[in-house]
Amino acid sequence: MTRSRKIVAWIVGVLLALIVLLIIVIALFDWNRLKPFINDKVSQAIGRPFAINGDLTVEWKRERDGGGIAAWVPWPEFTARDITIANPGWAKQPRFATLQALRFRLSPLPLLAHRIDVPWLQLVQPTVNLQRDKPSRATWDFTLPHSDAPSAWQLNLGTIGFDRGSVALDDAVSAIKLKVTIEPLQGAIPYDQIVAQQSSAAREQAGKTVGAAAKKTLASSADQDDADNRIGKPRASTAYLFGWTATGTYQGTPIKGHGKTGGVLALQDASEPFPLQADAHIGDSHIALVGTLTDPMHLGALDVRLWFSGTSMARLYPLTGITLPDTPPYATEGHLKATLNKGNSHYSYEDFRGRVGGSDLAGNLVFVTGGERPKLSGDLHSKLLQFADLAPLVGADSNASRQRRGDATAQPADKLLPVEPFRTDRWRAMDADVKFSAERIVHGESLPIDSLSTHLQLNDGLLRLNPLRFGLAGGSVGSTLMLDGSQSPMQGAIDLNARHLKLKQLFPTFEPMRTSFGEINGDAALKAHGNSVAALLGSADGELKLLMNDGAISKTLLETAGLNVGNIVIGKLFGDKTVQINCAATDMAAKNGVFDMRLFVFDTSDAVINVDGTVNLATEQLDLDVKPHTKGFRILSLRSPLYVKGTLKNPNVGVHAGPLLARGAGAVALGVVAAPAAALLALIAPSHDEEGENTCRAVLEQLRHSGKMMPSAKKAAKPQ
């Protein structure tokens, strides 16, 4: 053997010997000697005491799925037992987390390129205690060492597996205390089976909360979505392996929930969805979901079927941060897709359907966080809207209903106008741009409102409904409503016009009106301030005009329409007989909630009835004089005037003591209304069917000319 060959042979031999020696040393090495070094380095890295209290062992195994040379090089599999991570000194619990064991595999070759590749990591019986105090110090906020230079090492973590464990949360900021226990299931449950089980359970809960109609509505929407296969699914081999239960309180309200999850969380593979299922009751609100979470390392995408139900949508605000109105009991089901980025998340609740009281509701909503304020936008529609279901929006429901939905403001027994304050503090929490339409609205059985559409815009506490339109009795009611919740007290304004409301359609069950050609037209423009309907109307400034021609009226009709004061007055004047009305006209001026009757007149076939006085909506007091003027001697009882005192809730109607009115005195009594009568002429417009002559034109023209003949009316009539 030549000298050069001997040198090469020695070198190779020495290298082989060193490799063998290194393998023997590594195989026999006591890895527990590294625990002080590891504990110290990890503690410095997380700013919190860390300790491996049990054994630290390593097993060497080939990764046959690694491919290439990686399949031939042994990979270390580390097991660290009895691990503890301490909490900061201010925390109630001394330990942040404990693990019975931590196992993970490490790819050795990437270490040469300063890359730490951990294909999988297994947590054995983890226990975690999370706490946040009132100053917002949180145990999950770790003090990491600050460095301006980027690290030369890169960590790639593949999947995280876990088994039974528990998580406790005590958050003083959100007032939530929660304990979650995780246990392995007796056997794997396929994804499709969990979807079917949760759908059935959620529909049963909706039926209990709202009624059988809600169960039927949700069942139809769920079947449609299952047919369309819209929810993202994990791979066929993925199943639910663990179940969890949760108990606790949220702001003093009991929390109880349960659900299931997969067994392995893929952190790096963004294409592998992680199955989730949850069913939770928070007070009387029920929230359930089933679906998947993709790219959990970055909370990339949530794709679930989502159910809500409860006594009022407003109760979801503390849970979701979304400002929703007070409603009757509700239940919805839809498809939620979310991109969960810190500070800028995007949620879309797609193709949802549901019931709110006796009304159906469907549509699409999008909620985006980030920017100055979160924003809710969407398009909602209803095929049949029960008008009574709108009552909680303005606090007009019963005290029992308010108590069920969690409002402590009781309506006084002697007050008619709702006193429940609007939740304006929530209006500035988010912005909104939502369109809503209802194909048909039902108000009892006798007063149908054809349709409703509005465009709701909320910007920094300023709420606008522009436009707010009703289709009513063959005509239309158009309005714009503004409520500025950013001011205290809240400022409000409404402009409203009603055109061509057909009397025969407005009262379809009232026989004398079925052949009527008459209609109602009206205008209102009011400004107000206050934080409830009662306060707003009690401070209103503006005017209201209303005109009705060729109609009929009776005590029974006004009782059906809910006009308490009117049916008493008509009962006093005419008994319960039906009276034909040639024209009814009113022109009111409002100042600080006091509505003054500039003109309020009924022209019937038997008499002209004039109403003077005021209605004070701030105190709900009535102070009116009803002066009938007969056109003949057919109704002798009409020769004495009436008074209307008392309140809107409890009116007092009686006969004025004094001399009887003479026949024909109506012309003199109405002679001072020339200007209001002229203003009301603007409300006379041709009807859609051009049916006959509007009788109010003749009546108002007569009032104008009568007023011009009176000296006291000349000044008022001059601008006309």
# chains A, B, ... in the order shown; residues from 1 in each chain; ligands from 1

$ closest_atom_pairs --of "stretch 99-129 of chain A" --to "stretch 49-56 of chain A" --cutoff "12 Å" --atoms "only C-alpha atoms" --output "Markdown table"
| residue | atom | partner | partner_atom | distance |
| --- | --- | --- | --- | --- |
| A:Leu99 | CA | A:Ile52 | CA | 9.5 |
| A:Gln100 | CA | A:Gly54 | CA | 9.0 |
| A:Ala101 | CA | A:Gly54 | CA | 8.6 |
| A:Leu102 | CA | A:Leu56 | CA | 9.7 |
| A:Arg103 | CA | A:Leu56 | CA | 10.0 |
| A:Phe104 | CA | A:Leu56 | CA | 11.8 |

$ residues_around --residues "A:Ser200" --least-positions-apart "3" --cutoff "12 Å" --atoms "only C-alpha atoms" --output "ChimeraX atom specification"
/A:193-197,203-207,215-216,218-220,222-223,279,288,290,307,333

$ select_by_dssp --residues "stretch 465-620 of chain A" --states "helix (DSSP H, G or I)" --output "VMD selection string"
chain A and resid 503 to 506 511 to 513 533 to 537 555 to 561 564 to 574

$ write_last_selection --atoms "N, CA and C atoms" --output "PDB file, in the first residue's frame"
ATOM      1  N   LEU A 503    -109.431  54.453   1.782  1.00  0.00           N
ATOM      2  CA  LEU A 503    -110.177  54.102   2.979  1.00  0.00           C
ATOM      3  C   LEU A 503    -110.772  52.703   2.898  1.00  0.00           C
ATOM      4  N   LYS A 504    -111.219  52.298   1.729  1.00  0.00           N
ATOM      5  CA  LYS A 504    -111.830  50.979   1.617  1.00  0.00           C
ATOM      6  C   LYS A 504    -110.801  49.864   1.803  1.00  0.00           C
ATOM      7  N   GLN A 505    -109.508  50.166   1.572  1.00  0.00           N
ATOM      8  CA  GLN A 505    -108.459  49.191   1.817  1.00  0.00           C
ATOM      9  C   GLN A 505    -107.879  49.324   3.228  1.00  0.00           C
ATOM     10  N   LEU A 506    -107.948  50.531   3.775  1.00  0.00           N
ATOM     11  CA  LEU A 506    -107.421  50.753   5.110  1.00  0.00           C
ATOM     12  C   LEU A 506    -108.256  50.037   6.165  1.00  0.00           C
ATOM     13  N   GLU A 511    -117.878  47.499   6.688  1.00  0.00           N
ATOM     14  CA  GLU A 511    -118.755  47.428   5.523  1.00  0.00           C
ATOM     15  C   GLU A 511    -119.063  48.790   4.893  1.00  0.00           C
ATOM     16  N   PRO A 512    -119.393  49.851   5.683  1.00  0.00           N
ATOM     17  CA  PRO A 512    -119.715  51.138   5.048  1.00  0.00           C
ATOM     18  C   PRO A 512    -118.549  51.733   4.251  1.00  0.00           C
ATOM     19  N   MET A 513    -117.311  51.274   4.506  1.00  0.00           N
ATOM     20  CA  MET A 513    -116.165  51.844   3.809  1.00  0.00           C
ATOM     21  C   MET A 513    -115.842  51.097   2.521  1.00  0.00           C
ATOM     22  N   VAL A 533     -89.112  57.367  23.226  1.00  0.00           N
ATOM     23  CA  VAL A 533     -90.217  57.852  22.402  1.00  0.00           C
ATOM     24  C   VAL A 533     -91.014  58.901  23.161  1.00  0.00           C
ATOM     25  N   ALA A 534     -91.259  58.656  24.452  1.00  0.00           N
ATOM     26  CA  ALA A 534     -92.014  59.619  25.254  1.00  0.00           C
ATOM     27  C   ALA A 534     -91.284  60.949  25.337  1.00  0.00           C
ATOM     28  N   ALA A 535     -89.966  60.908  25.561  1.00  0.00           N
ATOM     29  CA  ALA A 535     -89.199  62.147  25.672  1.00  0.00           C
ATOM     30  C   ALA A 535     -89.131  62.886  24.341  1.00  0.00           C
ATOM     31  N   LEU A 536     -88.995  62.151  23.243  1.00  0.00           N
ATOM     32  CA  LEU A 536     -88.938  62.789  21.928  1.00  0.00           C
ATOM     33  C   LEU A 536     -90.253  63.491  21.598  1.00  0.00           C
ATOM     34  N   LEU A 537     -91.371  62.785  21.731  1.00  0.00           N
ATOM     35  CA  LEU A 537     -92.659  63.398  21.429  1.00  0.00           C
ATOM     36  C   LEU A 537     -93.006  64.495  22.430  1.00  0.00           C
ATOM     37  N   LYS A 555    -118.121  54.460  16.383  1.00  0.00           N
ATOM     38  CA  LYS A 555    -117.418  54.104  17.616  1.00  0.00           C
ATOM     39  C   LYS A 555    -116.707  52.760  17.471  1.00  0.00           C
ATOM     40  N   THR A 556    -117.365  51.800  16.841  1.00  0.00           N
ATOM     41  CA  THR A 556    -116.787  50.469  16.657  1.00  0.00           C
ATOM     42  C   THR A 556    -115.525  50.527  15.809  1.00  0.00           C
ATOM     43  N   LEU A 557    -115.560  51.365  14.758  1.00  0.00           N
ATOM     44  CA  LEU A 557    -114.399  51.478  13.883  1.00  0.00           C
ATOM     45  C   LEU A 557    -113.199  52.022  14.649  1.00  0.00           C
ATOM     46  N   LEU A 558    -113.419  53.064  15.445  1.00  0.00           N
ATOM     47  CA  LEU A 558    -112.311  53.664  16.173  1.00  0.00           C
ATOM     48  C   LEU A 558    -111.791  52.733  17.260  1.00  0.00           C
ATOM     49  N   GLU A 559    -112.648  51.929  17.842  1.00  0.00           N
ATOM     50  CA  GLU A 559    -112.188  50.933  18.810  1.00  0.00           C
ATOM     51  C   GLU A 559    -111.274  49.919  18.126  1.00  0.00           C
ATOM     52  N   THR A 560    -111.665  49.497  16.917  1.00  0.00           N
ATOM     53  CA  THR A 560    -110.847  48.542  16.155  1.00  0.00           C
ATOM     54  C   THR A 560    -109.493  49.138  15.821  1.00  0.00           C
ATOM     55  N   ALA A 561    -109.472  50.423  15.467  1.00  0.00           N
ATOM     56  CA  ALA A 561    -108.221  51.087  15.112  1.00  0.00           C
ATOM     57  C   ALA A 561    -107.386  51.440  16.334  1.00  0.00           C
ATOM     58  N   ASN A 564    -108.426  55.405  21.278  1.00  0.00           N
ATOM     59  CA  ASN A 564    -109.180  55.381  22.520  1.00  0.00           C
ATOM     60  C   ASN A 564    -110.012  56.646  22.717  1.00  0.00           C
ATOM     61  N   VAL A 565    -109.359  57.813  22.530  1.00  0.00           N
ATOM     62  CA  VAL A 565    -110.069  59.074  22.742  1.00  0.00           C
ATOM     63  C   VAL A 565    -111.174  59.244  21.708  1.00  0.00           C
ATOM     64  N   GLY A 566    -110.863  58.951  20.447  1.00  0.00           N
ATOM     65  CA  GLY A 566    -111.815  59.155  19.369  1.00  0.00           C
ATOM     66  C   GLY A 566    -113.078  58.346  19.528  1.00  0.00           C
ATOM     67  N   ASN A 567    -112.956  57.082  19.939  1.00  0.00           N
ATOM     68  CA  ASN A 567    -114.169  56.268  20.016  1.00  0.00           C
ATOM     69  C   ASN A 567    -115.088  56.740  21.140  1.00  0.00           C
ATOM     70  N   ILE A 568    -114.507  57.347  22.204  1.00  0.00           N
ATOM     71  CA  ILE A 568    -115.346  57.884  23.282  1.00  0.00           C
ATOM     72  C   ILE A 568    -116.096  59.121  22.798  1.00  0.00           C
ATOM     73  N   VAL A 569    -115.385  60.016  22.060  1.00  0.00           N
ATOM     74  CA  VAL A 569    -116.008  61.229  21.559  1.00  0.00           C
ATOM     75  C   VAL A 569    -117.125  60.895  20.582  1.00  0.00           C
ATOM     76  N   ILE A 570    -116.845  60.018  19.623  1.00  0.00           N
ATOM     77  CA  ILE A 570    -117.859  59.647  18.633  1.00  0.00           C
ATOM     78  C   ILE A 570    -119.037  58.963  19.306  1.00  0.00           C
ATOM     79  N   GLY A 571    -118.757  58.166  20.323  1.00  0.00           N
ATOM     80  CA  GLY A 571    -119.837  57.515  21.053  1.00  0.00           C
ATOM     81  C   GLY A 571    -120.740  58.524  21.731  1.00  0.00           C
ATOM     82  N   LYS A 572    -120.131  59.597  22.296  1.00  0.00           N
ATOM     83  CA  LYS A 572    -120.932  60.651  22.933  1.00  0.00           C
ATOM     84  C   LYS A 572    -121.773  61.404  21.907  1.00  0.00           C
ATOM     85  N   LEU A 573    -121.216  61.642  20.716  1.00  0.00           N
ATOM     86  CA  LEU A 573    -121.913  62.441  19.709  1.00  0.00           C
ATOM     87  C   LEU A 573    -122.970  61.656  18.952  1.00  0.00           C
ATOM     88  N   PHE A 574    -122.602  60.451  18.512  1.00  0.00           N
ATOM     89  CA  PHE A 574    -123.480  59.719  17.597  1.00  0.00           C
ATOM     90  C   PHE A 574    -123.956  58.376  18.139  1.00  0.00           C
TER      91      PHE A 574
END

$ closest_residue --among "A:Gly518, A:Gly89, A:Gly538, A:Pro329" --to "A:Asp550" --atoms "only C-alpha atoms"
A:Gly518

$ residues_around --residues "A:Ser437" --least-positions-apart "2" --cutoff "8 Å" --atoms "only C-alpha atoms" --output "list in words"
Leu380, His381, Ser382, Lys435, Glu439, Ser451, Leu452, Ser453 and Thr454 of chain A

$ select_by_dssp --residues "stretch 584-653 of chain A" --states "strand (DSSP E)" --output "ChimeraX atom specification"
/A:584-591,594-604,607-616,621-630,642-646,651-653

$ write_last_selection --atoms "N, CA and C atoms" --output "compact mmCIF listing (two decimals), in the first residue's frame"
# COMPACT_ATOMS: atom_id res chain seq x y z
N ALA A 584 -112.63 65.37 6.68
CA ALA A 584 -112.01 65.55 7.99
C ALA A 584 -110.65 66.17 7.76
N ALA A 585 -110.37 67.28 8.41
CA ALA A 585 -109.13 68.01 8.18
C ALA A 585 -108.53 68.44 9.51
N THR A 586 -107.21 68.33 9.62
CA THR A 586 -106.53 68.79 10.83
C THR A 586 -105.21 69.44 10.47
N ASP A 587 -104.89 70.49 11.19
CA ASP A 587 -103.62 71.21 11.05
C ASP A 587 -103.15 71.54 12.46
N MET A 588 -102.11 70.86 12.91
CA MET A 588 -101.61 71.05 14.27
C MET A 588 -100.22 71.68 14.23
N ALA A 589 -99.97 72.56 15.18
CA ALA A 589 -98.63 73.13 15.38
C ALA A 589 -98.10 72.64 16.71
N ALA A 590 -96.85 72.15 16.73
CA ALA A 590 -96.27 71.61 17.95
C ALA A 590 -95.16 72.51 18.46
N LYS A 591 -95.13 72.73 19.76
CA LYS A 591 -94.08 73.50 20.42
C LYS A 591 -93.82 72.88 21.77
N VAL A 594 -96.32 70.35 22.91
CA VAL A 594 -97.72 70.76 22.99
C VAL A 594 -98.26 70.95 21.59
N PHE A 595 -99.24 70.13 21.18
CA PHE A 595 -99.83 70.20 19.85
C PHE A 595 -101.10 71.04 19.92
N ASP A 596 -101.07 72.18 19.23
CA ASP A 596 -102.18 73.12 19.23
C ASP A 596 -103.02 72.91 17.97
N MET A 597 -104.35 72.81 18.14
CA MET A 597 -105.25 72.58 17.02
C MET A 597 -105.52 73.89 16.27
N ARG A 598 -104.70 74.18 15.29
CA ARG A 598 -105.00 75.35 14.47
C ARG A 598 -106.28 75.11 13.67
N LEU A 599 -106.47 73.87 13.27
CA LEU A 599 -107.71 73.49 12.58
C LEU A 599 -107.93 72.00 12.80
N PHE A 600 -109.12 71.66 13.26
CA PHE A 600 -109.51 70.25 13.39
C PHE A 600 -111.01 70.21 13.18
N VAL A 601 -111.45 69.76 12.00
CA VAL A 601 -112.85 69.85 11.65
C VAL A 601 -113.31 68.58 10.95
N PHE A 602 -114.54 68.14 11.30
CA PHE A 602 -115.22 67.05 10.60
C PHE A 602 -116.47 67.63 9.95
N ASP A 603 -116.64 67.41 8.67
CA ASP A 603 -117.86 67.81 7.98
C ASP A 603 -118.63 66.54 7.64
N THR A 604 -119.76 66.32 8.31
CA THR A 604 -120.58 65.14 8.08
C THR A 604 -121.89 65.57 7.43
N ALA A 607 -123.68 67.32 10.50
CA ALA A 607 -123.13 68.42 11.30
C ALA A 607 -121.72 68.73 10.86
N VAL A 608 -121.27 69.90 11.32
CA VAL A 608 -119.86 70.26 11.24
C VAL A 608 -119.32 70.22 12.68
N ILE A 609 -118.25 69.48 12.90
CA ILE A 609 -117.70 69.33 14.25
C ILE A 609 -116.32 69.97 14.26
N ASN A 610 -116.16 70.93 15.16
CA ASN A 610 -114.89 71.65 15.28
C ASN A 610 -114.24 71.26 16.61
N VAL A 611 -112.91 71.02 16.58
CA VAL A 611 -112.17 70.66 17.78
C VAL A 611 -111.11 71.74 18.03
N ASP A 612 -111.12 72.34 19.21
CA ASP A 612 -110.13 73.33 19.62
C ASP A 612 -109.39 72.82 20.84
N GLY A 613 -108.20 73.39 21.08
CA GLY A 613 -107.47 73.06 22.29
C GLY A 613 -106.11 72.49 22.01
N THR A 614 -105.56 71.78 22.99
CA THR A 614 -104.19 71.28 22.89
C THR A 614 -104.09 69.84 23.39
N VAL A 615 -103.06 69.17 22.90
CA VAL A 615 -102.66 67.87 23.41
C VAL A 615 -101.20 67.99 23.83
N ASN A 616 -100.95 67.82 25.12
CA ASN A 616 -99.60 67.97 25.66
C ASN A 616 -98.97 66.58 25.78
N GLN A 621 -101.39 65.12 28.69
CA GLN A 621 -102.65 65.72 29.11
C GLN A 621 -103.46 66.18 27.90
N LEU A 622 -104.76 66.01 27.99
CA LEU A 622 -105.69 66.46 26.95
C LEU A 622 -106.47 67.68 27.44
N ASP A 623 -106.62 68.66 26.59
CA ASP A 623 -107.43 69.84 26.89
C ASP A 623 -108.10 70.29 25.60
N LEU A 624 -109.22 69.65 25.26
CA LEU A 624 -109.88 69.87 23.98
C LEU A 624 -111.35 70.21 24.18
N ASP A 625 -111.85 71.03 23.28
CA ASP A 625 -113.27 71.32 23.21
C ASP A 625 -113.80 70.83 21.87
N VAL A 626 -114.85 70.05 21.90
CA VAL A 626 -115.48 69.51 20.70
C VAL A 626 -116.81 70.21 20.52
N LYS A 627 -116.90 71.00 19.43
CA LYS A 627 -118.08 71.84 19.22
C LYS A 627 -118.84 71.37 17.97
N PRO A 628 -119.96 70.69 18.17
CA PRO A 628 -120.76 70.25 17.02
C PRO A 628 -121.74 71.35 16.60
N HIS A 629 -121.94 71.48 15.29
CA HIS A 629 -122.86 72.47 14.75
C HIS A 629 -123.76 71.74 13.75
N THR A 630 -125.01 71.54 14.15
CA THR A 630 -125.93 70.75 13.33
C THR A 630 -126.30 71.47 12.06
N LEU A 642 -118.75 69.38 23.77
CA LEU A 642 -118.11 68.42 24.67
C LEU A 642 -116.74 68.93 25.08
N TYR A 643 -116.25 68.38 26.18
CA TYR A 643 -114.85 68.63 26.55
C TYR A 643 -114.13 67.28 26.63
N VAL A 644 -112.83 67.33 26.34
CA VAL A 644 -111.97 66.14 26.47
C VAL A 644 -110.82 66.51 27.39
N LYS A 645 -110.82 65.95 28.58
CA LYS A 645 -109.76 66.20 29.57
C LYS A 645 -109.07 64.87 29.88
N GLY A 646 -108.31 64.88 30.95
CA GLY A 646 -107.65 63.65 31.37
C GLY A 646 -106.35 63.42 30.61
N PRO A 651 -108.69 59.06 29.14
CA PRO A 651 -109.37 60.32 28.77
C PRO A 651 -110.69 60.47 29.52
N ASN A 652 -111.07 61.72 29.71
CA ASN A 652 -112.34 62.04 30.37
C ASN A 652 -113.15 62.92 29.42
N VAL A 653 -114.26 62.41 28.93
CA VAL A 653 -115.09 63.12 27.97
C VAL A 653 -116.43 63.41 28.62

$ closest_residue --among "A:Ile684, A:Leu289, A:Ala80, A:Leu306" --to "A:Lys35" --atoms "only C-alpha atoms"
A:Ala80

$ closest_residue --among "A:Arg428, A:Arg464, A:Arg423, A:Arg62" --to "A:Asn531" --atoms "only C-alpha atoms"
A:Arg423

$ closest_residue --among "A:Glu183, A:Glu350, A:Asp192, A:Asp576" --to "A:Thr261" --atoms "only C-alpha atoms"
A:Glu183

$ atom_distance --atom1 "atom CA of A:Arg499" --atom2 "atom CA of A:Val699"
19.4 Å

$ residues_around --residues "A:Val419" --least-positions-apart "4" --cutoff "12 Å" --atoms "only C-alpha atoms" --output "list of chain:residue names"
A:Pro392, A:Val394, A:Gly395, A:Ala396, A:Asp397, A:Ser398, A:Asn399, A:Arg402, A:Asp407, A:Ala408, A:Thr409, A:Ala410, A:Gln411, A:Pro412, A:Ala413, A:Asp414, A:Lys415, A:Gly530, A:Asn531, A:Ser532, A:Val533, A:Ala534, A:Ala535, A:Leu536, A:Leu537, A:Gly538, A:Ala618

$ residues_around --residues "A:Asn364" --least-positions-apart "4" --cutoff "6 Å" --atoms "only C-alpha atoms" --output "list in words"
Tyr349, Glu350, Asp351, Gly378 and Asp379 of chain A

$ closest_residue --among "A:Leu463, A:Ala86, A:Val655, A:Ile116" --to "A:Thr480" --atoms "only C-alpha atoms"
A:Leu463

$ closest_residue --among "A:Asp523, A:Asp541, A:Asp460, A:Asp425" --to "A:Ser488" --atoms "only C-alpha atoms"
A:Asp425

$ atom_distance --atom1 "atom CA of A:Asp389" --atom2 "atom CA of A:Ser312"
11.1 Å

$ residues_around --residues "A:Val210" --least-positions-apart "4" --cutoff "9 Å" --atoms "only C-alpha atoms" --output "list in words"
Gln205, Ala206, Ala214, Lys215, Ser309, Gly310, Thr311, Pro328, Pro329, Tyr330, Ala331, Arg355, Val356, Gly357 and Gly358 of chain A

$ atom_distance --atom1 "atom CA of A:Asn341" --atom2 "atom CA of A:Glu272"
18.5 Å
